>>> print(open('my_file.txt').read())   # compact mmCIF, C-alpha atoms
# COMPACT_ATOMS: atom_id res chain seq x y z
CA MET A 410 -52.83 -24.07 39.11
CA GLY A 411 -50.23 -26.59 40.24
CA GLY A 412 -50.44 -29.10 43.05
CA ASP A 413 -49.56 -26.84 45.95
CA VAL A 414 -52.46 -25.75 48.09
CA LYS A 415 -51.59 -23.45 50.92
CA LYS A 416 -53.70 -21.91 53.60
CA PHE A 417 -54.00 -18.19 52.88
CA MET A 418 -55.54 -15.81 55.37
CA TYR A 419 -56.39 -12.20 54.63
CA VAL A 420 -56.68 -10.05 57.74
CA ASN A 421 -58.66 -6.84 57.35
CA ARG A 422 -58.08 -4.37 60.17
CA LYS A 423 -59.00 -0.96 58.80
CA ALA A 424 -62.20 0.97 58.12
CA PRO A 425 -63.23 0.98 54.45
CA HIS A 426 -62.89 4.57 53.29
CA GLY A 427 -60.35 6.42 55.44
CA THR A 428 -57.47 4.57 53.78
CA VAL A 429 -57.12 2.46 50.65
CA TYR A 430 -56.12 -0.74 52.45
CA ALA A 431 -59.62 -2.26 52.59
CA LEU A 432 -60.26 -1.79 48.87
CA GLU A 433 -56.83 -3.02 47.82
CA SER A 434 -57.11 -5.97 50.18
CA LEU A 435 -60.36 -6.98 48.51
CA GLU A 436 -58.60 -6.80 45.15
CA VAL A 437 -55.98 -9.25 46.39
CA VAL A 438 -58.65 -11.64 47.69
CA LEU A 439 -60.47 -11.59 44.34
CA ILE A 440 -57.32 -12.14 42.27
CA GLY A 441 -56.06 -14.71 44.75
CA ALA A 442 -59.25 -16.74 44.37
CA ALA A 443 -58.11 -17.78 40.89
CA PHE A 444 -55.18 -19.65 42.44
CA GLU A 445 -57.49 -22.13 44.16
CA GLN A 446 -55.83 -21.96 47.53
CA ASP A 447 -57.47 -22.59 50.90
CA VAL A 448 -58.61 -19.05 51.64
CA SER A 449 -60.06 -17.41 54.72
CA VAL A 450 -60.80 -13.75 55.35
CA VAL A 451 -60.83 -12.20 58.80
CA PHE A 452 -62.28 -8.86 59.89
CA ILE A 453 -60.93 -7.42 63.13
CA ASP A 454 -60.61 -4.00 64.74
CA ASP A 455 -62.06 -1.28 62.46
CA GLY A 456 -61.97 -3.85 59.65
CA VAL A 457 -65.45 -4.94 60.76
CA PHE A 458 -66.78 -1.66 59.32
CA GLU A 459 -65.83 -2.92 55.83
CA ILE A 460 -68.79 -5.31 55.87
CA VAL A 461 -71.40 -3.18 57.60
CA LYS A 462 -74.75 -3.05 55.74
CA GLY A 463 -76.19 0.10 54.21
CA GLN A 464 -73.01 2.02 53.45
CA VAL A 465 -73.72 5.26 51.57
CA THR A 466 -70.62 6.92 50.17
CA THR A 467 -72.00 9.37 47.61
CA GLU A 468 -71.58 12.43 49.83
CA VAL A 469 -67.94 11.65 50.56
CA GLU A 470 -67.32 10.79 46.89
CA MET A 471 -65.76 7.45 47.69
CA LYS A 472 -66.37 4.22 45.80
CA ASN A 473 -68.81 1.98 47.66
CA PHE A 474 -67.31 -1.47 47.24
CA SER A 475 -69.18 -3.11 50.11
CA ASN A 476 -71.44 -5.10 47.76
CA THR A 477 -68.36 -6.83 46.36
CA TYR A 478 -67.98 -8.75 49.61
CA LYS A 479 -71.25 -10.47 48.74
CA ALA A 480 -69.62 -11.76 45.57
CA LEU A 481 -66.84 -13.54 47.46
CA GLU A 482 -69.02 -16.61 47.73
CA MET A 483 -69.06 -16.93 43.95
CA TYR A 484 -65.29 -16.98 44.03
CA ASP A 485 -65.42 -19.86 46.53
CA VAL A 486 -64.18 -17.59 49.28
CA GLU A 487 -66.56 -18.82 51.94
CA LYS A 488 -64.62 -18.72 55.19
CA LEU A 489 -65.31 -15.27 56.57
CA TYR A 490 -64.49 -14.71 60.23
CA VAL A 491 -65.28 -11.70 62.37
CA SER A 492 -63.92 -10.82 65.77
CA LYS A 493 -66.57 -10.93 68.47
CA ASP A 494 -64.74 -8.33 70.56
CA SER A 495 -64.33 -5.94 67.61
CA LEU A 496 -68.05 -6.13 66.83
CA GLU A 497 -69.08 -5.56 70.44
CA GLU A 498 -66.63 -2.71 70.98
CA ARG A 499 -68.29 -0.92 68.07
CA GLY A 500 -71.88 -1.64 69.08
CA LEU A 501 -72.37 -3.98 66.11
CA SER A 502 -73.82 -7.45 65.80
CA GLU A 503 -73.88 -10.11 63.10
CA ASP A 504 -77.22 -8.69 61.90
CA ASP A 505 -75.50 -5.46 60.88
CA LEU A 506 -73.25 -7.25 58.40
CA ILE A 507 -73.70 -7.52 54.64
CA VAL A 508 -72.37 -11.11 54.42
CA ASP A 509 -72.75 -14.32 56.40
CA VAL A 510 -69.83 -14.69 58.75
CA GLU A 511 -68.64 -16.82 61.62
CA VAL A 512 -68.13 -14.77 64.77
CA LYS A 513 -64.98 -15.85 66.60
CA THR A 514 -63.30 -14.97 69.85
CA ALA A 515 -59.78 -13.59 69.81
CA ALA A 516 -58.47 -16.95 70.99
CA GLU A 517 -60.28 -18.75 68.16
CA ILE A 518 -58.89 -16.31 65.59
CA ALA A 519 -55.42 -16.76 67.04
CA ALA A 520 -55.81 -20.53 66.67
CA LEU A 521 -56.89 -20.10 63.03
CA MET A 522 -53.88 -17.88 62.37
CA GLU A 523 -51.65 -20.56 63.82
CA GLU A 524 -52.85 -22.98 61.11
CA GLN A 525 -52.01 -20.70 58.16
CA ASP A 526 -49.16 -20.90 55.69
CA VAL A 527 -49.52 -17.30 54.50
CA ILE A 528 -51.09 -14.37 56.31
CA LEU A 529 -51.59 -11.11 54.46
CA SER A 530 -52.49 -8.27 56.75
CA PHE A 531 -54.20 -5.10 55.60
CA MET B 900 -35.03 -20.33 52.98
CA LYS B 901 -37.00 -18.80 50.14
CA PHE B 902 -38.70 -15.47 50.87
CA THR B 903 -41.22 -13.25 49.16
CA ILE B 904 -41.38 -9.74 50.55
CA GLN B 905 -44.32 -7.35 50.34
CA VAL B 906 -43.65 -3.63 50.74
CA SER B 907 -46.87 -1.81 51.60
CA GLU B 908 -45.72 1.76 52.19
CA GLY B 909 -44.01 4.48 50.22
CA PRO B 910 -40.43 5.70 50.69
CA TYR B 911 -39.45 8.33 53.27
CA ASN B 912 -42.97 8.59 54.66
CA HIS B 913 -42.59 5.24 56.39
CA GLN B 914 -39.82 2.86 57.39
CA ALA B 915 -41.41 -0.16 55.66
CA SER B 916 -39.30 0.10 52.52
CA ASP B 917 -36.08 0.72 54.50
CA THR B 918 -36.73 -2.27 56.77
CA ALA B 919 -37.68 -4.49 53.87
CA TYR B 920 -34.46 -3.50 52.08
CA GLN B 921 -32.33 -4.21 55.15
CA PHE B 922 -34.13 -7.52 55.62
CA ALA B 923 -33.56 -8.51 51.98
CA LYS B 924 -29.89 -7.56 52.16
CA ALA B 925 -29.36 -9.47 55.40
CA ALA B 926 -31.22 -12.53 54.11
CA LEU B 927 -29.14 -12.58 50.91
CA ALA B 928 -25.93 -12.19 52.93
CA LYS B 929 -26.92 -15.27 54.94
CA GLY B 930 -27.42 -17.25 51.74
CA HIS B 931 -31.21 -17.16 51.63
CA GLU B 932 -33.16 -16.64 48.44
CA ILE B 933 -35.44 -13.68 47.75
CA TYR B 934 -37.97 -15.09 45.34
CA ARG B 935 -39.71 -11.77 44.76
CA VAL B 936 -40.26 -8.32 46.24
CA PHE B 937 -43.81 -7.13 45.64
CA PHE B 938 -44.70 -3.45 45.96
CA TYR B 939 -48.31 -2.75 46.87
CA HIS B 940 -50.46 0.11 48.19
CA ASP B 941 -48.28 3.24 48.44
CA GLY B 942 -45.31 0.88 48.23
CA VAL B 943 -45.49 1.33 44.45
CA ASN B 944 -43.97 4.78 45.00
CA ASN B 945 -40.67 3.04 45.72
CA ALA B 946 -40.45 2.42 41.97
CA THR B 947 -40.26 5.91 40.50
CA ARG B 948 -36.89 6.91 39.11
CA LEU B 949 -37.90 10.59 39.48
CA THR B 950 -37.29 10.36 43.21
CA THR B 951 -34.70 12.99 44.14
CA PRO B 952 -33.89 13.03 47.85
CA PRO B 953 -31.37 15.51 49.29
CA GLN B 954 -27.80 14.33 48.73
CA ASP B 955 -27.13 13.71 52.40
CA ASP B 956 -29.98 11.19 52.61
CA ARG B 957 -30.31 7.62 51.37
CA ASN B 958 -31.85 7.08 47.95
CA VAL B 959 -34.45 4.44 48.67
CA VAL B 960 -35.32 3.83 45.02
CA ASN B 961 -31.76 3.59 43.70
CA ARG B 962 -30.88 1.30 46.57
CA TRP B 963 -33.55 -1.21 45.47
CA SER B 964 -32.40 -0.93 41.85
CA ALA B 965 -28.79 -1.60 42.88
CA LEU B 966 -29.74 -4.58 45.03
CA ALA B 967 -31.81 -5.97 42.17
CA ALA B 968 -28.91 -5.59 39.74
CA GLU B 969 -26.46 -7.23 42.14
CA HIS B 970 -28.65 -10.21 43.04
CA ASN B 971 -30.92 -10.44 40.02
CA LEU B 972 -33.97 -9.72 42.21
CA ASP B 973 -37.50 -9.72 40.86
CA LEU B 974 -38.98 -6.36 41.92
CA VAL B 975 -42.65 -6.35 40.99
CA VAL B 976 -44.97 -3.35 41.17
CA CYS B 977 -48.71 -4.01 41.31
CA VAL B 978 -50.27 -2.66 38.13
CA ALA B 979 -53.61 -1.59 39.65
CA ALA B 980 -51.95 0.15 42.60
CA ALA B 981 -49.42 1.74 40.23
CA GLN B 982 -52.09 3.10 37.91
CA ARG B 983 -53.88 4.77 40.82
CA ARG B 984 -50.67 6.47 41.89
CA GLY B 985 -49.11 7.36 38.57
CA ILE B 986 -46.32 4.81 38.32
CA ALA B 987 -45.87 3.67 34.73
CA ASP B 988 -43.42 1.83 32.52
CA ALA B 989 -43.26 2.58 28.78
CA ASP B 990 -45.98 0.04 27.91
CA GLU B 991 -48.35 1.22 30.63
CA ALA B 992 -47.81 4.87 29.72
CA LYS B 993 -48.63 4.12 26.08
CA ARG B 994 -51.62 1.94 26.93
CA ASN B 995 -53.11 4.63 29.17
CA GLY B 996 -52.29 7.53 26.86
CA LYS B 997 -49.77 9.17 29.20
CA ASP B 998 -46.94 11.39 28.02
CA ALA B 999 -44.22 9.82 30.18
CA ASP B 1000 -43.14 6.81 32.15
CA ASN B 1001 -41.24 6.87 35.40
CA ILE B 1002 -40.34 3.34 36.43
CA ALA B 1003 -36.89 2.84 37.90
CA PRO B 1004 -34.40 0.25 36.60
CA GLY B 1005 -34.88 -3.26 37.94
CA PHE B 1006 -38.61 -2.88 38.62
CA ARG B 1007 -41.35 -4.38 36.49
CA ILE B 1008 -45.10 -3.83 36.53
CA SER B 1009 -47.33 -6.86 36.82
CA GLY B 1010 -50.48 -8.15 38.48
CA LEU B 1011 -51.51 -9.15 41.98
CA GLY B 1012 -51.22 -12.77 40.94
CA GLN B 1013 -47.48 -12.31 41.34
CA LEU B 1014 -48.01 -11.69 45.06
CA ILE B 1015 -50.15 -14.79 45.51
CA GLU B 1016 -47.71 -16.86 43.45
CA GLY B 1017 -44.90 -15.54 45.64
CA GLY B 1018 -46.80 -16.76 48.69
CA ILE B 1019 -47.26 -20.17 47.13
CA GLN B 1020 -43.69 -20.58 45.91
CA SER B 1021 -41.88 -19.23 48.98
CA ASP B 1022 -41.30 -20.66 52.43
CA ARG B 1023 -42.24 -17.34 53.96
CA LEU B 1024 -44.10 -14.25 52.80
CA VAL B 1025 -43.05 -11.29 54.90
CA VAL B 1026 -45.13 -8.10 54.83
CA PHE B 1027 -43.56 -4.73 55.66
CA GLY B 1028 -46.05 -2.04 56.61
CA ASP B 1029 -48.38 -1.18 59.45
>>> encode(input="my_file.txt", output="structure tokens")
Amino acid sequence: MGGDVKKFMYVNRKAPHGTVYALESLEVVLIGAAFEQDVSVVFIDDGVFEIVKGQVTTEVEMKNFSNTYKALEMYDVEKLYVSKDSLEERGLSEDDLIVDVEVKTAAEIAALMEEQDVILSF
Amino acid sequence: MKFTIQVSEGPYNHQASDTAYQFAKAALAKGHEIYRVFFYHDGVNNATRLTTPPQDDRNVVNRWSALAAEHNLDLVVCVAAAQRRGIADADEAKRNGKDADNIAPGFRISGLGQLIEGGIQSDRLVVFGD
């Protein structure tokens, strides 16, 4: 789709089911993948809960979209970054996550943000 | 400079739409270009013409429509977000078997690709929300 390739970063900051931001962010990432840009996805703050393994949402009658994150790879969305501090603050580790990620410090995430052309924050 | 604006919150509940409007107006006054305004999440609620605020308050929806008419702005409402929240134009209403549409003048319903394309085509994509 055209010659322009920009660096797009999607920043997920909210837990998956309390608000609609996580789900609608994922929809943007999936649609955006068709534009063949240089995409990265970051999970910080409560956003790390979006990719926690073993989510069961039947009792709260919410859609469980956590498996969709596993499909991102098929869309060539392969740069997934997670905040080390956000994981630790919530008693989580990389092993608790449903997808392979790179764990980054706040300073490293800040440096990645500095490189972007477009940052969409959810 | 060429801007695309994303509005992520609904009117009155949140200042995002007000601030985005003031930003757009100021940018246009300075000679910048607004490539597109994209309404997402509850921001799609800025596009219903049924909005009826008290007369002593601003009309957030009409204000966008007027700005669009004056500057030929492209106000785009995300179709998926709009369907969830009951915002429809005539085509969408018919396609989904609804008995009415409610989209305000100057807005059009389209896909998320319009947001990404706005990010690609513009010098800056500015998001208004939390």
>>> closest_atom_pairs(input="my_file.txt", of="chain B", to="chain A", cutoff="12 Å", atoms="all atoms listed in the file", output="Markdown table")
| residue | atom | partner | partner_atom | distance |
| --- | --- | --- | --- | --- |
| B:Phe902 | CA | A:Val527 | CA | 11.6 |
| B:Thr903 | CA | A:Val527 | CA | 10.7 |
| B:Ile904 | CA | A:Leu529 | CA | 11.0 |
| B:Gln905 | CA | A:Leu529 | CA | 9.2 |
| B:Val906 | CA | A:Leu529 | CA | 11.5 |
| B:Ser907 | CA | A:Phe531 | CA | 9.0 |
| B:Glu908 | CA | A:Tyr430 | CA | 10.7 |
| B:Tyr939 | CA | A:Glu433 | CA | 8.6 |
| B:His940 | CA | A:Glu433 | CA | 7.1 |
| B:Asp941 | CA | A:Val429 | CA | 9.1 |
| B:Gly942 | CA | A:Tyr430 | CA | 11.7 |
| B:Cys977 | CA | A:Val437 | CA | 10.3 |
| B:Val978 | CA | A:Glu436 | CA | 11.7 |
| B:Ala979 | CA | A:Glu433 | CA | 8.9 |
| B:Ala980 | CA | A:Glu433 | CA | 7.8 |
| B:Ala981 | CA | A:Glu433 | CA | 11.6 |
| B:Arg983 | CA | A:Val429 | CA | 10.6 |
| B:Arg984 | CA | A:Val429 | CA | 11.6 |
| B:Gly1010 | CA | A:Ile440 | CA | 8.8 |
| B:Leu1011 | CA | A:Val437 | CA | 6.3 |
| B:Gly1012 | CA | A:Ile440 | CA | 6.3 |
| B:Gln1013 | CA | A:Gly441 | CA | 9.5 |
| B:Leu1014 | CA | A:Val437 | CA | 8.4 |
| B:Ile1015 | CA | A:Gly441 | CA | 6.0 |
| B:Glu1016 | CA | A:Phe444 | CA | 8.0 |
| B:Gly1017 | CA | A:Val527 | CA | 10.1 |
| B:Gly1018 | CA | A:Val527 | CA | 6.4 |
| B:Ile1019 | CA | A:Lys415 | CA | 6.6 |
| B:Gln1020 | CA | A:Asp413 | CA | 8.6 |
| B:Ser1021 | CA | A:Val527 | CA | 9.6 |
| B:Asp1022 | CA | A:Asp526 | CA | 8.5 |
| B:Arg1023 | CA | A:Val527 | CA | 7.3 |
| B:Leu1024 | CA | A:Val527 | CA | 6.4 |
| B:Val1025 | CA | A:Leu529 | CA | 8.6 |
| B:Val1026 | CA | A:Leu529 | CA | 7.1 |
| B:Phe1027 | CA | A:Ser530 | CA | 9.7 |
| B:Gly1028 | CA | A:Phe531 | CA | 8.8 |
| B:Asp1029 | CA | A:Phe531 | CA | 8.0 |
>>> write_last_selection(input="my_file.txt", atoms="C-alpha atoms", output="CSV table (one decimal), keeping the file's coordinate frame")
chain,number,residue,atom,x,y,z
B,902,PHE,CA,-38.7,-15.5,50.9
B,903,THR,CA,-41.2,-13.2,49.2
B,904,ILE,CA,-41.4,-9.7,50.6
B,905,GLN,CA,-44.3,-7.4,50.3
B,906,VAL,CA,-43.6,-3.6,50.7
B,907,SER,CA,-46.9,-1.8,51.6
B,908,GLU,CA,-45.7,1.8,52.2
B,939,TYR,CA,-48.3,-2.8,46.9
B,940,HIS,CA,-50.5,0.1,48.2
B,941,ASP,CA,-48.3,3.2,48.4
B,942,GLY,CA,-45.3,0.9,48.2
B,977,CYS,CA,-48.7,-4.0,41.3
B,978,VAL,CA,-50.3,-2.7,38.1
B,979,ALA,CA,-53.6,-1.6,39.6
B,980,ALA,CA,-52.0,0.2,42.6
B,981,ALA,CA,-49.4,1.7,40.2
B,983,ARG,CA,-53.9,4.8,40.8
B,984,ARG,CA,-50.7,6.5,41.9
B,1010,GLY,CA,-50.5,-8.2,38.5
B,1011,LEU,CA,-51.5,-9.2,42.0
B,1012,GLY,CA,-51.2,-12.8,40.9
B,1013,GLN,CA,-47.5,-12.3,41.3
B,1014,LEU,CA,-48.0,-11.7,45.1
B,1015,ILE,CA,-50.2,-14.8,45.5
B,1016,GLU,CA,-47.7,-16.9,43.4
B,1017,GLY,CA,-44.9,-15.5,45.6
B,1018,GLY,CA,-46.8,-16.8,48.7
B,1019,ILE,CA,-47.3,-20.2,47.1
B,1020,GLN,CA,-43.7,-20.6,45.9
B,1021,SER,CA,-41.9,-19.2,49.0
B,1022,ASP,CA,-41.3,-20.7,52.4
B,1023,ARG,CA,-42.2,-17.3,54.0
B,1024,LEU,CA,-44.1,-14.2,52.8
B,1025,VAL,CA,-43.0,-11.3,54.9
B,1026,VAL,CA,-45.1,-8.1,54.8
B,1027,PHE,CA,-43.6,-4.7,55.7
B,1028,GLY,CA,-46.0,-2.0,56.6
B,1029,ASP,CA,-48.4,-1.2,59.4
>>> atom_distance(input="my_file.txt", atom1="atom CA of B:Ala946", atom2="atom CA of B:Lys997")
17.2 Å
>>> atom_distance(input="my_file.txt", atom1="atom CA of A:Glu487", atom2="atom CA of A:Asp509")
8.9 Å
>>> closest_residue(input="my_file.txt", among="B:Leu974, B:Val943, B:Ala999, B:Ala987", to="B:Gly909", atoms="all atoms listed in the file")
B:Val943
>>> residues_around(input="my_file.txt", residues="B:Pro910", least_positions_apart="3", cutoff="7 Å", atoms="all atoms listed in the file", output="list in words")
His913, Ser916, Asn944, Asn945 and Val959 of chain B
>>> atom_distance(input="my_file.txt", atom1="atom CA of B:Tyr920", atom2="atom CA of B:Val960")
10.2 Å
>>> axis_aligned_box(input="my_file.txt", around="stretch 416-426 of chain A", padding_each_side="5 Å", output="lines of an AutoDock Vina configuration file")
center_x = -58.5
center_y = -8.7
center_z = 56.5
size_x = 19.5
size_y = 36.5
size_z = 17.3
>>> residues_around(input="my_file.txt", residues="B:Gly930", least_positions_apart="4", cutoff="9 Å", atoms="all atoms listed in the file", output="number ranges by chain")
B: 900, 925-926
>>> write_last_selection(input="my_file.txt", atoms="C-alpha atoms", output="mmCIF file, keeping the file's coordinate frame")
data_model
loop_
_atom_site.group_PDB
_atom_site.id
_atom_site.type_symbol
_atom_site.label_atom_id
_atom_site.label_comp_id
_atom_site.auth_asym_id
_atom_site.auth_seq_id
_atom_site.Cartn_x
_atom_site.Cartn_y
_atom_site.Cartn_z
ATOM 1 C CA MET B 900 -35.030 -20.330 52.980
ATOM 2 C CA ALA B 925 -29.360 -9.470 55.400
ATOM 3 C CA ALA B 926 -31.220 -12.530 54.110
#
>>> closest_residue(input="my_file.txt", among="B:Glu932, B:His970, B:Tyr911, B:Asn995", to="B:Asp956", atoms="only C-alpha atoms")
B:Tyr911
>>> residues_near_point(input="my_file.txt", point="(-66.6, -23.4, 53.2)", cutoff="10 Å", atoms="all atoms listed in the file", output="CSV table (one decimal) with C-alpha atoms, in the coordinates of the input")
chain,number,residue,atom,x,y,z
A,447,ASP,CA,-57.5,-22.6,50.9
A,448,VAL,CA,-58.6,-19.0,51.6
A,449,SER,CA,-60.1,-17.4,54.7
A,482,GLU,CA,-69.0,-16.6,47.7
A,485,ASP,CA,-65.4,-19.9,46.5
A,486,VAL,CA,-64.2,-17.6,49.3
A,487,GLU,CA,-66.6,-18.8,51.9
A,488,LYS,CA,-64.6,-18.7,55.2
A,489,LEU,CA,-65.3,-15.3,56.6
>>> residues_around(input="my_file.txt", residues="B:Ser964", least_positions_apart="3", cutoff="8 Å", atoms="all atoms listed in the file", output="ChimeraX atom specification")
/B:960-961,967-968,1003-1006
>>> residues_around(input="my_file.txt", residues="A:Val469", least_positions_apart="5", cutoff="12 Å", atoms="all atoms listed in the file", output="list of chain:residue names")
A:His426, A:Gly427, A:Gln464
>>> closest_residue(input="my_file.txt", among="A:Glu524, A:Glu503, A:Glu511, A:Glu497", to="A:Val451", atoms="all atoms listed in the file")
A:Glu511
>>> build_atoms(input="my_file.txt", residues="stretch 900-917 of chain B", atoms="N, CA and C atoms", output="tab-separated table (two decimals), in the coordinates of the input")
chain	number	residue	atom	x	y	z
B	900	MET	N	-33.57	-20.48	53.07
B	900	MET	CA	-35.03	-20.33	52.98
B	900	MET	C	-35.39	-19.38	51.84
B	901	LYS	N	-36.55	-19.62	51.26
B	901	LYS	CA	-37.00	-18.80	50.14
B	901	LYS	C	-38.06	-17.80	50.63
B	902	PHE	N	-37.80	-16.52	50.39
B	902	PHE	CA	-38.70	-15.47	50.87
B	902	PHE	C	-39.36	-14.71	49.73
B	903	THR	N	-40.62	-14.34	49.93
B	903	THR	CA	-41.22	-13.25	49.16
B	903	THR	C	-41.50	-12.13	50.14
B	904	ILE	N	-41.22	-10.92	49.69
B	904	ILE	CA	-41.38	-9.74	50.55
B	904	ILE	C	-42.46	-8.84	49.94
B	905	GLN	N	-43.35	-8.37	50.78
B	905	GLN	CA	-44.32	-7.35	50.34
B	905	GLN	C	-43.97	-6.03	51.01
B	906	VAL	N	-43.87	-4.98	50.21
B	906	VAL	CA	-43.65	-3.63	50.74
B	906	VAL	C	-44.94	-2.84	50.55
B	907	SER	N	-45.54	-2.42	51.66
B	907	SER	CA	-46.87	-1.81	51.60
B	907	SER	C	-46.89	-0.30	51.75
B	908	GLU	N	-45.74	0.31	51.95
B	908	GLU	CA	-45.72	1.76	52.19
B	908	GLU	C	-44.68	2.44	51.31
B	909	GLY	N	-44.90	3.71	51.08
B	909	GLY	CA	-44.01	4.48	50.22
B	909	GLY	C	-42.70	4.84	50.91
B	910	PRO	N	-41.73	5.33	50.13
B	910	PRO	CA	-40.43	5.70	50.69
B	910	PRO	C	-40.51	7.00	51.50
B	911	TYR	N	-39.63	7.10	52.47
B	911	TYR	CA	-39.45	8.33	53.27
B	911	TYR	C	-40.60	8.62	54.23
B	912	ASN	N	-41.82	8.38	53.79
B	912	ASN	CA	-42.97	8.59	54.66
B	912	ASN	C	-43.02	7.55	55.77
B	913	HIS	N	-42.40	6.41	55.54
B	913	HIS	CA	-42.59	5.24	56.39
B	913	HIS	C	-41.32	4.39	56.31
B	914	GLN	N	-41.05	3.67	57.38
B	914	GLN	CA	-39.82	2.86	57.39
B	914	GLN	C	-39.97	1.52	56.66
B	915	ALA	N	-41.19	1.18	56.21
B	915	ALA	CA	-41.41	-0.16	55.66
B	915	ALA	C	-40.42	-0.53	54.56
B	916	SER	N	-40.19	0.40	53.63
B	916	SER	CA	-39.30	0.10	52.52
B	916	SER	C	-37.85	-0.04	53.00
B	917	ASP	N	-37.44	0.81	53.93
B	917	ASP	CA	-36.08	0.72	54.50
B	917	ASP	C	-35.87	-0.64	55.18
